[in-house]
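Data first, discussion second: the structure below is written as structure tokens.
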Amino acid sequence: MGDADFAGCREHFPNGQPPALPAGLTGLHALCFDAFAVLYSSETRTPVYVAQRLNRASLQAARAVGRSDHFYAEARLPASARAQLEDYRGSGYARGHMAPAADMPTEAAMAQSFSLANMVPQDMGHNSGPWNRIEQDTRQYVMRARGDVYVFTGPAYLAARTSRIGDSGVAVPSHLFKLVHDPATGRAWAHWHQNQAGPQAMKPISEEALVQKLGIDFLHGAD
């Protein structure tokens with residue numbers, strides 16, 4: 001399969017080019033939001049990835065935006081493909097943002113970040129602990145960067161058997177990733193974490209290693 005479309009929000013991607021996808025992915029939906037883009041899978045009821053373009057100005061604006069905490073099912077998706085609020089209730093998992101609420105530069109973008117299309121079932125301790133530190137470290141890097149920094153975040157399903165929650169069958173990822181690309185320096189690195197509480201290996205992996213794990217060529221348009 002080639003690029004997902006994203007005709008209305010190519011600005012979220014390096015050189016305006018969404019990642020190249022492996023063959024065989026079906027049930028995909030390209031969703032544009034004000035401050036991020038989501039490639040959503042109706043099979044897992046989670047994103048394949050979420051793309052953001054961050055810079056110092058956008059993060060400075062985000063500091064003035066209050067958190068909304070109003071989660072909602074994504075009405076642009078077919079009813080049969082949506083994750084629902086009830087799926088997460090009593091599941092034992094957090095509704096884990098892929099594009100973090102703290103990155104959102106406007107009230108509208110903040111509200112949109114609470115779409116369940118931007119969520120995965122995430123271990124609560126991981127969400128509030130190691131992953132929160134990764135998000136903070138990424139913002140700190142962007143604040144020092146010379147220009148735009150592109151970030152791709154999403155789940156991976158590498159366990160022998162994937163658990164699911166709720167009547168919709170929202171898939172619980174085995175791992176989470178966050179790929180950071182700085183075009184000004186040409187650098188790219190990825191954080192790769194198991195979806196579980198406890199200490200995590202904090203040393204990043206290469207973009208090439210992430211591509212090998214997932215089969216998604218994130219930066220083909222940034223060569």
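Naming scheme: A, B, ... for chains in displayed order of the structure tokens; residues 1 onward per chain; ligands 1 onward as shown.
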
Close residues, His175 (chain A) itself excluded, 10 Å, only C-alpha atoms, min 4 positions apart in chain, as a PyMOL selection string
chain A and resi 122+154-159+192-196

Determine, counting only C-alpha atoms, which protein, DNA and RNA residues have an atom within 6 Å of an atom of region 64-80 of chain A; residues of the same chain fewer than 2 positions away are not included. Present the result as a PDB file with N, CA and C atoms, in the first residue's frame.
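out32.pdb was written with the following content:
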```
ATOM      1  N   ALA A  61       2.939  28.631  22.812  1.00  0.00           N
ATOM      2  CA  ALA A  61       1.493  28.874  22.802  1.00  0.00           C
ATOM      3  C   ALA A  61       0.761  27.829  23.631  1.00  0.00           C
ATOM      4  N   ALA A  62       1.238  26.581  23.582  1.00  0.00           N
ATOM      5  CA  ALA A  62       0.567  25.502  24.305  1.00  0.00           C
ATOM      6  C   ALA A  62       0.587  25.714  25.816  1.00  0.00           C
ATOM      7  N   ARG A  82     -15.215   2.670  15.202  1.00  0.00           N
ATOM      8  CA  ARG A  82     -14.821   3.563  16.293  1.00  0.00           C
ATOM      9  C   ARG A  82     -14.498   2.831  17.579  1.00  0.00           C
ATOM     10  N   GLN A  84     -15.016   3.391  21.497  1.00  0.00           N
ATOM     11  CA  GLN A  84     -16.045   4.095  22.260  1.00  0.00           C
ATOM     12  C   GLN A  84     -15.559   4.335  23.689  1.00  0.00           C
ATOM     13  N   PHE A 114      -8.378  14.992  22.454  1.00  0.00           N
ATOM     14  CA  PHE A 114      -9.088  14.029  23.284  1.00  0.00           C
ATOM     15  C   PHE A 114      -9.992  13.102  22.468  1.00  0.00           C
ATOM     16  N   SER A 115      -9.904  13.182  21.141  1.00  0.00           N
ATOM     17  CA  SER A 115     -10.563  12.185  20.294  1.00  0.00           C
ATOM     18  C   SER A 115      -9.990  10.808  20.593  1.00  0.00           C
ATOM     19  N   LEU A 116     -10.845   9.811  20.690  1.00  0.00           N
ATOM     20  CA  LEU A 116     -10.356   8.455  20.923  1.00  0.00           C
ATOM     21  C   LEU A 116      -9.557   7.928  19.728  1.00  0.00           C
TER      22      LEU A 116
END
```

To one decimal place, how far is CA of Leu59 (chain A) from CA of His12 (chain A) in Å?
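These two atoms are separated by 14.9 Å.
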
Neighbouring residues of Ala145 (chain A) were defined as those with any atom within 10 Å, considering only C-alpha atoms; residues of the same chain fewer than 3 positions away were excluded. Please report them as a list in words.
Leu54, Asn55, Arg56, Arg139, Gln140, Tyr141, Val142, Asp148, Val149, Asp182, Pro183, Ala184 and Thr185 of chain A

Preceding selection exported with C-alpha atoms as a compact mmCIF listing (two decimals), in the first residue's frame:
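Generated output (again_36.txt):
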```txt
# COMPACT_ATOMS: atom_id res chain seq x y z
CA LEU A 54 6.27 21.07 16.51
CA ASN A 55 8.37 24.20 17.02
CA ARG A 56 9.26 26.62 19.77
CA ARG A 139 9.30 19.17 24.15
CA GLN A 140 12.59 20.25 25.69
CA TYR A 141 14.41 19.28 22.51
CA VAL A 142 11.93 21.17 20.33
CA ASP A 148 10.24 22.63 12.89
CA VAL A 149 10.62 19.17 14.40
CA ASP A 182 14.88 17.38 13.08
CA PRO A 183 15.32 18.47 9.44
CA ALA A 184 17.68 21.30 10.43
CA THR A 185 20.27 18.83 11.68
```

Distance of CA of His126 (chain A) from CA of Arg63 (chain A), expressed in Å to one decimal place:
23.4 Å

Looking only at the backbone, which of the residues in region 4-117 of chain A does DSSP tag as alpha helix (DSSP H), as a ChimeraX atom specification?
/A:56-62,85-88,107-112

So how many Å separate CA of Gly27 (chain A) and CA of Asp87 (chain A), to one decimal?
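Distance reported for this atom pair: 19.5 Å.
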
Closest contacts (region 40-97 of chain A/region 13-26 of chain A, max 8 Å, only C-alpha atoms) as JSON lines:
```
{"residue": "A:Ser41", "atom": "CA", "partner": "A:Thr26", "partner_atom": "CA", "distance": 7.6}
{"residue": "A:Glu43", "atom": "CA", "partner": "A:Thr26", "partner_atom": "CA", "distance": 7.8}
{"residue": "A:Ala51", "atom": "CA", "partner": "A:Phe13", "partner_atom": "CA", "distance": 6.7}
{"residue": "A:Gln52", "atom": "CA", "partner": "A:Phe13", "partner_atom": "CA", "distance": 7.1}
{"residue": "A:Arg53", "atom": "CA", "partner": "A:Phe13", "partner_atom": "CA", "distance": 6.9}
```

Selection from above, N, CA and C atoms, as a compact mmCIF listing (two decimals), in the first residue's frame, can you write it?
```txt
# COMPACT_ATOMS: atom_id res chain seq x y z
N SER A 41 -6.61 2.81 12.32
CA SER A 41 -6.92 1.45 11.89
C SER A 41 -8.25 0.99 12.47
N GLU A 43 -9.17 -1.96 12.31
CA GLU A 43 -8.94 -3.31 12.82
C GLU A 43 -8.50 -3.29 14.28
N ALA A 51 0.98 11.97 13.53
CA ALA A 51 2.06 12.85 13.06
C ALA A 51 1.85 14.26 13.59
N GLN A 52 2.95 14.89 14.01
CA GLN A 52 2.93 16.27 14.50
C GLN A 52 4.10 17.06 13.91
N ARG A 53 3.87 18.35 13.73
CA ARG A 53 4.95 19.30 13.44
C ARG A 53 5.01 20.27 14.60
```

Please provide as a PDB file with N, CA and C atoms, in the first residue's frame all residues within 12 Å of Asn132 (chain A), with the sequence filter that same-chain residues fewer than 5 positions apart are discarded (counting only C-alpha atoms).
```pdb
ATOM      1  N   GLY A  96      -4.416   6.577  26.507  1.00  0.00           N
ATOM      2  CA  GLY A  96      -3.104   7.182  26.310  1.00  0.00           C
ATOM      3  C   GLY A  96      -3.039   8.010  25.044  1.00  0.00           C
ATOM      4  N   HIS A  97      -2.851   9.341  25.217  1.00  0.00           N
ATOM      5  CA  HIS A  97      -2.672  10.227  24.067  1.00  0.00           C
ATOM      6  C   HIS A  97      -1.435   9.821  23.263  1.00  0.00           C
ATOM      7  N   MET A  98      -1.549   9.821  21.942  1.00  0.00           N
ATOM      8  CA  MET A  98      -0.384   9.685  21.083  1.00  0.00           C
ATOM      9  C   MET A  98       0.162  11.074  20.735  1.00  0.00           C
ATOM     10  N   ALA A  99      -0.664  11.995  20.284  1.00  0.00           N
ATOM     11  CA  ALA A  99      -0.275  13.405  20.229  1.00  0.00           C
ATOM     12  C   ALA A  99      -0.630  13.996  21.591  1.00  0.00           C
ATOM     13  N   PRO A 100       0.356  14.382  22.406  1.00  0.00           N
ATOM     14  CA  PRO A 100       0.076  14.774  23.790  1.00  0.00           C
ATOM     15  C   PRO A 100      -0.773  16.044  23.888  1.00  0.00           C
ATOM     16  N   ALA A 101      -1.649  16.060  24.874  1.00  0.00           N
ATOM     17  CA  ALA A 101      -2.457  17.255  25.113  1.00  0.00           C
ATOM     18  C   ALA A 101      -1.573  18.463  25.392  1.00  0.00           C
ATOM     19  N   ALA A 102      -0.454  18.255  26.081  1.00  0.00           N
ATOM     20  CA  ALA A 102       0.427  19.371  26.449  1.00  0.00           C
ATOM     21  C   ALA A 102       1.119  20.010  25.246  1.00  0.00           C
ATOM     22  N   GLN A 122      -3.233   2.184  27.310  1.00  0.00           N
ATOM     23  CA  GLN A 122      -1.856   2.279  27.794  1.00  0.00           C
ATOM     24  C   GLN A 122      -1.799   1.922  29.268  1.00  0.00           C
ATOM     25  N   ASP A 123      -0.789   1.164  29.639  1.00  0.00           N
ATOM     26  CA  ASP A 123      -0.571   0.868  31.052  1.00  0.00           C
ATOM     27  C   ASP A 123      -0.524   2.177  31.840  1.00  0.00           C
ATOM     28  N   MET A 124      -1.261   2.251  32.927  1.00  0.00           N
ATOM     29  CA  MET A 124      -1.385   3.514  33.655  1.00  0.00           C
ATOM     30  C   MET A 124      -0.048   3.994  34.211  1.00  0.00           C
ATOM     31  N   GLY A 125       0.740   3.075  34.760  1.00  0.00           N
ATOM     32  CA  GLY A 125       2.031   3.459  35.296  1.00  0.00           C
ATOM     33  C   GLY A 125       2.991   3.907  34.217  1.00  0.00           C
ATOM     34  N   HIS A 126       2.918   3.299  33.062  1.00  0.00           N
ATOM     35  CA  HIS A 126       3.770   3.704  31.954  1.00  0.00           C
ATOM     36  C   HIS A 126       3.361   5.077  31.440  1.00  0.00           C
ATOM     37  N   ASN A 127       2.059   5.300  31.341  1.00  0.00           N
ATOM     38  CA  ASN A 127       1.537   6.574  30.833  1.00  0.00           C
ATOM     39  C   ASN A 127       1.997   7.742  31.699  1.00  0.00           C
ATOM     40  N   ASP A 137      10.817  15.273  27.482  1.00  0.00           N
ATOM     41  CA  ASP A 137      12.131  15.384  26.854  1.00  0.00           C
ATOM     42  C   ASP A 137      12.003  15.845  25.403  1.00  0.00           C
ATOM     43  N   THR A 138      10.977  15.364  24.716  1.00  0.00           N
ATOM     44  CA  THR A 138      10.763  15.769  23.326  1.00  0.00           C
ATOM     45  C   THR A 138      10.446  17.253  23.241  1.00  0.00           C
ATOM     46  N   ARG A 139       9.604  17.733  24.146  1.00  0.00           N
ATOM     47  CA  ARG A 139       9.303  19.174  24.149  1.00  0.00           C
ATOM     48  C   ARG A 139      10.550  20.000  24.454  1.00  0.00           C
ATOM     49  N   LYS A 178       7.956   6.545  19.637  1.00  0.00           N
ATOM     50  CA  LYS A 178       7.933   7.978  19.309  1.00  0.00           C
ATOM     51  C   LYS A 178       9.199   8.273  18.505  1.00  0.00           C
ATOM     52  N   HIS A 193       9.271   1.588  23.659  1.00  0.00           N
ATOM     53  CA  HIS A 193       8.964   1.155  25.023  1.00  0.00           C
ATOM     54  C   HIS A 193       7.957   0.026  25.018  1.00  0.00           C
ATOM     55  N   ALA A 197       4.350  -0.952  33.122  1.00  0.00           N
ATOM     56  CA  ALA A 197       4.933  -0.105  34.150  1.00  0.00           C
ATOM     57  C   ALA A 197       6.355  -0.552  34.447  1.00  0.00           C
ATOM     58  N   GLN A 200      12.193   1.685  32.125  1.00  0.00           N
ATOM     59  CA  GLN A 200      12.322   1.388  30.707  1.00  0.00           C
ATOM     60  C   GLN A 200      13.741   1.729  30.256  1.00  0.00           C
TER      61      GLN A 200
END
```

Enumerate as a PyMOL selection string all residues of region 67-193 of chain A assigned to strand (DSSP E) by DSSP on the backbone, naming them with the chain letters and numbers the document uses.
chain A and resi 93-97+119-123+149-156+164-165+170-171+175-182+187-193

Contacts of Ser91 (chain A) at 12 Å or less, counting only C-alpha atoms, minus same-chain residues fewer than 5 places along, as a compact mmCIF listing (two decimals) with N, CA and C atoms, in the first residue's frame?
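The resulting file, around14.txt, is shown below:
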```txt
# COMPACT_ATOMS: atom_id res chain seq x y z
N LEU A 85 -16.13 5.36 24.33
CA LEU A 85 -15.76 5.66 25.70
C LEU A 85 -15.95 4.45 26.62
N GLU A 86 -17.00 3.69 26.37
CA GLU A 86 -17.30 2.55 27.23
C GLU A 86 -16.23 1.46 27.14
N PRO A 121 -4.96 1.98 24.43
CA PRO A 121 -4.99 1.48 25.81
C PRO A 121 -3.55 1.38 26.33
N GLN A 122 -3.23 2.18 27.31
CA GLN A 122 -1.86 2.28 27.79
C GLN A 122 -1.80 1.92 29.27
N ASP A 123 -0.79 1.16 29.64
CA ASP A 123 -0.57 0.87 31.05
C ASP A 123 -0.52 2.18 31.84
N MET A 124 -1.26 2.25 32.93
CA MET A 124 -1.38 3.51 33.65
C MET A 124 -0.05 3.99 34.21
N SER A 163 -4.25 -8.61 23.28
CA SER A 163 -5.43 -8.45 24.13
C SER A 163 -6.31 -7.33 23.58
N ARG A 164 -7.59 -7.41 23.88
CA ARG A 164 -8.53 -6.38 23.45
C ARG A 164 -9.44 -6.01 24.61
N ILE A 165 -9.91 -4.76 24.57
CA ILE A 165 -10.79 -4.28 25.64
C ILE A 165 -12.10 -3.78 25.04
N GLY A 166 -13.16 -3.90 25.83
CA GLY A 166 -14.45 -3.33 25.46
C GLY A 166 -15.18 -4.11 24.38
N ASP A 167 -16.44 -3.74 24.19
CA ASP A 167 -17.26 -4.40 23.17
C ASP A 167 -16.74 -4.14 21.76
N GLY A 169 -13.61 -4.07 20.97
CA GLY A 169 -12.38 -4.82 20.77
C GLY A 169 -11.19 -3.95 20.47
N VAL A 170 -10.97 -2.91 21.29
CA VAL A 170 -9.82 -2.03 21.10
C VAL A 170 -8.55 -2.80 21.46
N ALA A 171 -7.60 -2.85 20.52
CA ALA A 171 -6.40 -3.66 20.71
C ALA A 171 -5.43 -2.99 21.67
N VAL A 172 -4.85 -3.78 22.56
CA VAL A 172 -3.87 -3.29 23.54
C VAL A 172 -2.47 -3.49 22.96
```

Would you mind telling me which residue in A:Arg10, A:His29, A:His220, A:His191 lies nearest to Thr153 (chain A) when using only C-alpha atoms?
A:His191

Which residue of A:Arg144, A:Arg187, A:Arg89, A:Lys203 approaches Leu219 (chain A) most closely, using only C-alpha atoms:
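Going through A:Arg144, A:Arg187, A:Arg89, A:Lys203 one by one, the smallest distance to Leu219 (chain A) is for A:Arg187.
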